[in-house]
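S.K.: The following block contains the structure, expressed as structure tokens.
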Amino acid sequence: MNQELADHSFFPPEEVAEIKALACQLPAERGIPLSRFSITEIVREVISRAIAPSVSDSSISPMAT
């Protein structure tokens with residue numbers, strides 16, 4: 001199995017798409033003075049936006065790169 005598919009297999013495709021879109025968004029678009037989001041900040045946003053009920057840095061990292 002492709003490693004990327006294995007990493008994402010527990011996330012429905014809609015959640016993967018939302019997480020990738022969030023990872024590609026510039027923080028300035030949300031009024032945050034950073035050049036880009038860290039993985040921890042993406043995890044926080046995923047949970048606060050209720051994209052997924054719980055996630056870890058290690059599960060988000062492959063999607064955000």
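Residues in the structure tokens are numbered from 1 in each chain, the chains being A, B, ... in the order shown, and ligands are numbered from 1 in the order shown.
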Leaving out stretch 47-59 of chain A and any residue of its chain fewer than 5 positions from it, which residues lie within 10 Å of it when counting only C-alpha atoms, given as a PyMOL selection string?
M.R.: chain A and resi 7-8+10-12+14-16+18-19+38-42+64
S.K.: Would you compute the distance between atom CA of A:Pro13 and atom CA of A:Glu29? Give it in Å to one decimal.
M.R.: 24.5 Å
S.K.: What residues in chain A get the DSSP label alpha helix (DSSP H)? Please answer as number ranges by chain.
M.R.: A: 3-8, 13-24, 39-48, 57-64
S.K.: How many Å lie between atom CA of A:Val46 and atom CA of A:Gly31, rounded to one decimal?
M.R.: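 If I compute the distance from atom CA of A:Val46 to atom CA of A:Gly31, I get 17.2 Å.
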S.K.: Please measure the separation of atom CA of A:Ser61 and atom CA of A:Val43, giving the value in Å to one decimal.
M.R.: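 Rounded to one decimal, the two atoms are 9.3 Å apart.
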